[in-house]
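Undergrad: After the structure tokens below, expect a handful of questions from me.
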Amino acid sequence: MKRVLLLMLCALFSFSMANAQDAKKKSNKETVKFQVEGMDCANCVKKVEKNIAFEKGVTDLKCDLPTHTAEVTYRTDKTSEKDIVAAFKKIGMEAVPVKEKAK
Ligand SMILES: [Cu+2]
């Protein structure tokens, strides 16, 4: 009887482990391109890279100076487009999401 219980516990444990891994894979990442008002020189890009890249939930950041845009990849379970816009605002820049598909 004890053995059966142990086996059941084992099965339950591995099942919940598999579930946890599934949840990790599902952690949705999203990439949003922002038009960044006020990012006009290499120093500004550095400022963005130093601040936005370390915002909670941000996993990737690509700044493009000539087009004044920043591509931000973030985890949707940790942050949101709104939070990132707020983070840009904190460093004195206005970020507007660019919806390329809409055009
Ligand atoms: Cu600048």
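Every chain in the structure tokens takes a letter, A first, then B, and so on in the order presented; its residues are numbered from 1, and the ligands are numbered from 1 following the presented order.
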Go through chain A and collect every residue that DSSP, computed from the backbone, puts in helix (DSSP H, G or I); the answer should be as JSON, numbers by chain.
TA: {"A": [2, 3, 4, 5, 6, 7, 8, 9, 10, 11, 12, 13, 14, 15, 16, 17, 18, 19, 20, 21, 22, 23, 24, 25, 26, 42, 43, 44, 45, 46, 47, 48, 49, 50, 51, 52, 53, 54, 81, 82, 83, 84, 85, 86, 87, 88, 89, 90]}
Undergrad: Would you mind exporting N, CA and C atoms of the selected residues as a compact mmCIF listing (two decimals), in the first residue's frame?
TA:
# COMPACT_ATOMS: atom_id res chain seq x y z
N LYS A 2 1.91 1.18 0.81
CA LYS A 2 2.81 2.34 0.88
C LYS A 2 3.45 2.59 -0.48
N ARG A 3 3.75 1.48 -1.14
CA ARG A 3 4.42 1.57 -2.42
C ARG A 3 3.54 2.26 -3.47
N VAL A 4 2.30 1.91 -3.42
CA VAL A 4 1.34 2.49 -4.38
C VAL A 4 1.25 4.00 -4.16
N LEU A 5 1.19 4.34 -2.89
CA LEU A 5 1.09 5.76 -2.55
C LEU A 5 2.32 6.52 -3.05
N LEU A 6 3.47 5.90 -2.87
CA LEU A 6 4.73 6.51 -3.30
C LEU A 6 4.73 6.70 -4.82
N LEU A 7 4.26 5.66 -5.50
CA LEU A 7 4.20 5.73 -6.96
C LEU A 7 3.28 6.85 -7.41
N MET A 8 2.17 6.96 -6.71
CA MET A 8 1.21 8.00 -7.07
C MET A 8 1.80 9.38 -6.85
N LEU A 9 2.52 9.49 -5.76
CA LEU A 9 3.16 10.77 -5.45
C LEU A 9 4.17 11.12 -6.53
N CYS A 10 4.93 10.10 -6.95
CA CYS A 10 5.93 10.29 -8.00
C CYS A 10 5.27 10.78 -9.28
N ALA A 11 4.17 10.11 -9.63
CA ALA A 11 3.46 10.45 -10.86
C ALA A 11 2.94 11.88 -10.78
N LEU A 12 2.40 12.21 -9.63
CA LEU A 12 1.85 13.54 -9.43
C LEU A 12 2.96 14.59 -9.53
N PHE A 13 4.10 14.26 -8.94
CA PHE A 13 5.22 15.19 -8.94
C PHE A 13 5.71 15.45 -10.36
N SER A 14 5.93 14.36 -11.12
CA SER A 14 6.44 14.55 -12.48
C SER A 14 5.41 15.26 -13.34
N PHE A 15 4.15 15.03 -13.04
CA PHE A 15 3.09 15.69 -13.79
C PHE A 15 3.12 17.20 -13.56
N SER A 16 3.27 17.58 -12.31
CA SER A 16 3.29 19.01 -12.01
C SER A 16 4.57 19.66 -12.55
N MET A 17 5.65 18.89 -12.59
CA MET A 17 6.89 19.40 -13.18
C MET A 17 6.69 19.69 -14.66
N ALA A 18 6.05 18.75 -15.34
CA ALA A 18 5.80 18.92 -16.77
C ALA A 18 4.93 20.14 -16.99
N ASN A 19 3.98 20.33 -16.11
CA ASN A 19 3.09 21.48 -16.21
C ASN A 19 3.87 22.78 -16.05
N ALA A 20 4.79 22.80 -15.11
CA ALA A 20 5.58 23.99 -14.85
C ALA A 20 6.42 24.34 -16.07
N GLN A 21 6.95 23.30 -16.71
CA GLN A 21 7.77 23.55 -17.90
C GLN A 21 6.91 24.09 -19.03
N ASP A 22 5.71 23.57 -19.13
CA ASP A 22 4.77 24.05 -20.13
C ASP A 22 4.48 25.53 -19.93
N ALA A 23 4.27 25.89 -18.68
CA ALA A 23 3.95 27.27 -18.36
C ALA A 23 5.11 28.18 -18.76
N LYS A 24 6.32 27.71 -18.58
CA LYS A 24 7.49 28.50 -18.92
C LYS A 24 7.55 28.75 -20.42
N LYS A 25 7.27 27.70 -21.17
CA LYS A 25 7.31 27.82 -22.63
C LYS A 25 6.25 28.79 -23.11
N LYS A 26 5.14 28.80 -22.39
CA LYS A 26 4.02 29.62 -22.84
C LYS A 26 4.20 31.10 -22.50
N ALA A 42 23.45 59.51 -30.55
CA ALA A 42 24.00 58.27 -30.00
C ALA A 42 23.89 58.23 -28.48
N ASN A 43 23.97 59.40 -27.86
CA ASN A 43 23.85 59.46 -26.40
C ASN A 43 22.45 59.04 -25.93
N CYS A 44 21.46 59.47 -26.69
CA CYS A 44 20.09 59.11 -26.35
C CYS A 44 19.89 57.60 -26.49
N VAL A 45 20.47 57.06 -27.55
CA VAL A 45 20.37 55.61 -27.76
C VAL A 45 20.99 54.89 -26.56
N LYS A 46 22.12 55.39 -26.11
CA LYS A 46 22.78 54.78 -24.95
C LYS A 46 21.89 54.86 -23.72
N LYS A 47 21.26 56.00 -23.58
CA LYS A 47 20.37 56.21 -22.44
C LYS A 47 19.22 55.20 -22.49
N VAL A 48 18.67 55.02 -23.68
CA VAL A 48 17.57 54.05 -23.84
C VAL A 48 18.09 52.65 -23.51
N GLU A 49 19.25 52.33 -24.07
CA GLU A 49 19.79 50.99 -23.85
C GLU A 49 20.09 50.73 -22.37
N LYS A 50 20.53 51.78 -21.70
CA LYS A 50 20.87 51.61 -20.28
C LYS A 50 19.65 51.49 -19.39
N ASN A 51 18.55 52.09 -19.82
CA ASN A 51 17.36 52.11 -18.97
C ASN A 51 16.30 51.09 -19.38
N ILE A 52 15.90 51.16 -20.64
CA ILE A 52 14.78 50.32 -21.08
C ILE A 52 15.16 48.84 -21.08
N ALA A 53 16.39 48.55 -21.44
CA ALA A 53 16.82 47.14 -21.49
C ALA A 53 16.73 46.48 -20.12
N PHE A 54 16.78 47.28 -19.08
CA PHE A 54 16.74 46.71 -17.73
C PHE A 54 15.38 46.86 -17.05
N GLU A 81 2.90 47.03 -22.96
CA GLU A 81 3.23 48.15 -23.83
C GLU A 81 3.13 49.46 -23.06
N LYS A 82 2.08 49.54 -22.24
CA LYS A 82 1.84 50.75 -21.46
C LYS A 82 2.98 51.02 -20.48
N ASP A 83 3.45 49.95 -19.84
CA ASP A 83 4.56 50.08 -18.88
C ASP A 83 5.83 50.54 -19.56
N ILE A 84 6.04 50.06 -20.77
CA ILE A 84 7.25 50.42 -21.49
C ILE A 84 7.19 51.88 -21.93
N VAL A 85 6.02 52.29 -22.38
CA VAL A 85 5.83 53.71 -22.73
C VAL A 85 6.13 54.58 -21.51
N ALA A 86 5.66 54.12 -20.34
CA ALA A 86 5.89 54.85 -19.09
C ALA A 86 7.38 54.90 -18.76
N ALA A 87 8.08 53.80 -19.06
CA ALA A 87 9.52 53.75 -18.79
C ALA A 87 10.27 54.74 -19.67
N PHE A 88 9.82 54.88 -20.91
CA PHE A 88 10.43 55.87 -21.81
C PHE A 88 10.16 57.28 -21.30
N LYS A 89 8.97 57.47 -20.80
CA LYS A 89 8.58 58.78 -20.28
C LYS A 89 9.48 59.17 -19.11
N LYS A 90 9.81 58.17 -18.30
CA LYS A 90 10.66 58.40 -17.13
C LYS A 90 12.02 58.96 -17.52
Undergrad: Name the residues in contact with Thr59 in chain A at a cut-off of 12 Å, using only C-alpha atoms, excluding same-chain residues fewer than 4 positions from it; report them as number ranges by chain.
TA: A: 27-32, 49, 52-55, 71-76, 78-79
Undergrad: Do a neighbour search on Thr67 in chain A at 12 Å with only C-alpha atoms, toss out local chain neighbours closer than 3 positions, and write the hits as a PDB file with C-alpha atoms, in the first residue's frame.
TA:
ATOM      1  CA  LYS A  33       8.359  48.719 -32.363  1.00  0.00           C
ATOM      2  CA  PHE A  34       8.183  52.180 -30.872  1.00  0.00           C
ATOM      3  CA  GLN A  35       8.639  55.495 -32.541  1.00  0.00           C
ATOM      4  CA  VAL A  36      10.743  57.287 -29.963  1.00  0.00           C
ATOM      5  CA  GLU A  37      10.424  61.032 -29.829  1.00  0.00           C
ATOM      6  CA  GLY A  38      13.541  62.559 -28.329  1.00  0.00           C
ATOM      7  CA  MET A  39      15.986  59.842 -29.293  1.00  0.00           C
ATOM      8  CA  ASP A  40      18.066  61.926 -31.651  1.00  0.00           C
ATOM      9  CA  CYS A  41      21.693  61.063 -31.036  1.00  0.00           C
ATOM     10  CA  VAL A  45      20.374  55.613 -27.755  1.00  0.00           C
ATOM     11  CA  LYS A  62      17.093  47.134 -30.610  1.00  0.00           C
ATOM     12  CA  CYS A  63      17.450  50.843 -31.174  1.00  0.00           C
ATOM     13  CA  ASP A  64      17.606  52.342 -34.616  1.00  0.00           C
ATOM     14  CA  ALA A  70      13.274  51.079 -30.753  1.00  0.00           C
ATOM     15  CA  GLU A  71      12.190  47.489 -31.005  1.00  0.00           C
ATOM     16  CA  VAL A  98       4.209  51.501 -34.382  1.00  0.00           C
TER      17      VAL A  98
END
Undergrad: Rounded to one decimal, what separation in Å do you get between atom 1 (Cu, counted along the ligand's line) of ligand 1 and CA of Pro97 in chain A?
TA: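 Between these atoms lies a distance of 20.2 Å.
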Undergrad: Could you check which of A:Asp77, A:Leu65, A:Lys99, A:Glu94 is closest to ligand 1, using only C-alpha atoms and all ligand atoms?
TA: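 Answer, going by the shortest atom-to-atom distance: A:Leu65.
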Undergrad: From the set A:Ile91, A:Val96, A:Lys56, A:Leu61, which residue has the shortest atom-to-atom contact distance to ligand 1, counting only C-alpha atoms and all ligand atoms?
TA: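 Comparing A:Ile91, A:Val96, A:Lys56, A:Leu61 against ligand 1, the winner is A:Ile91.
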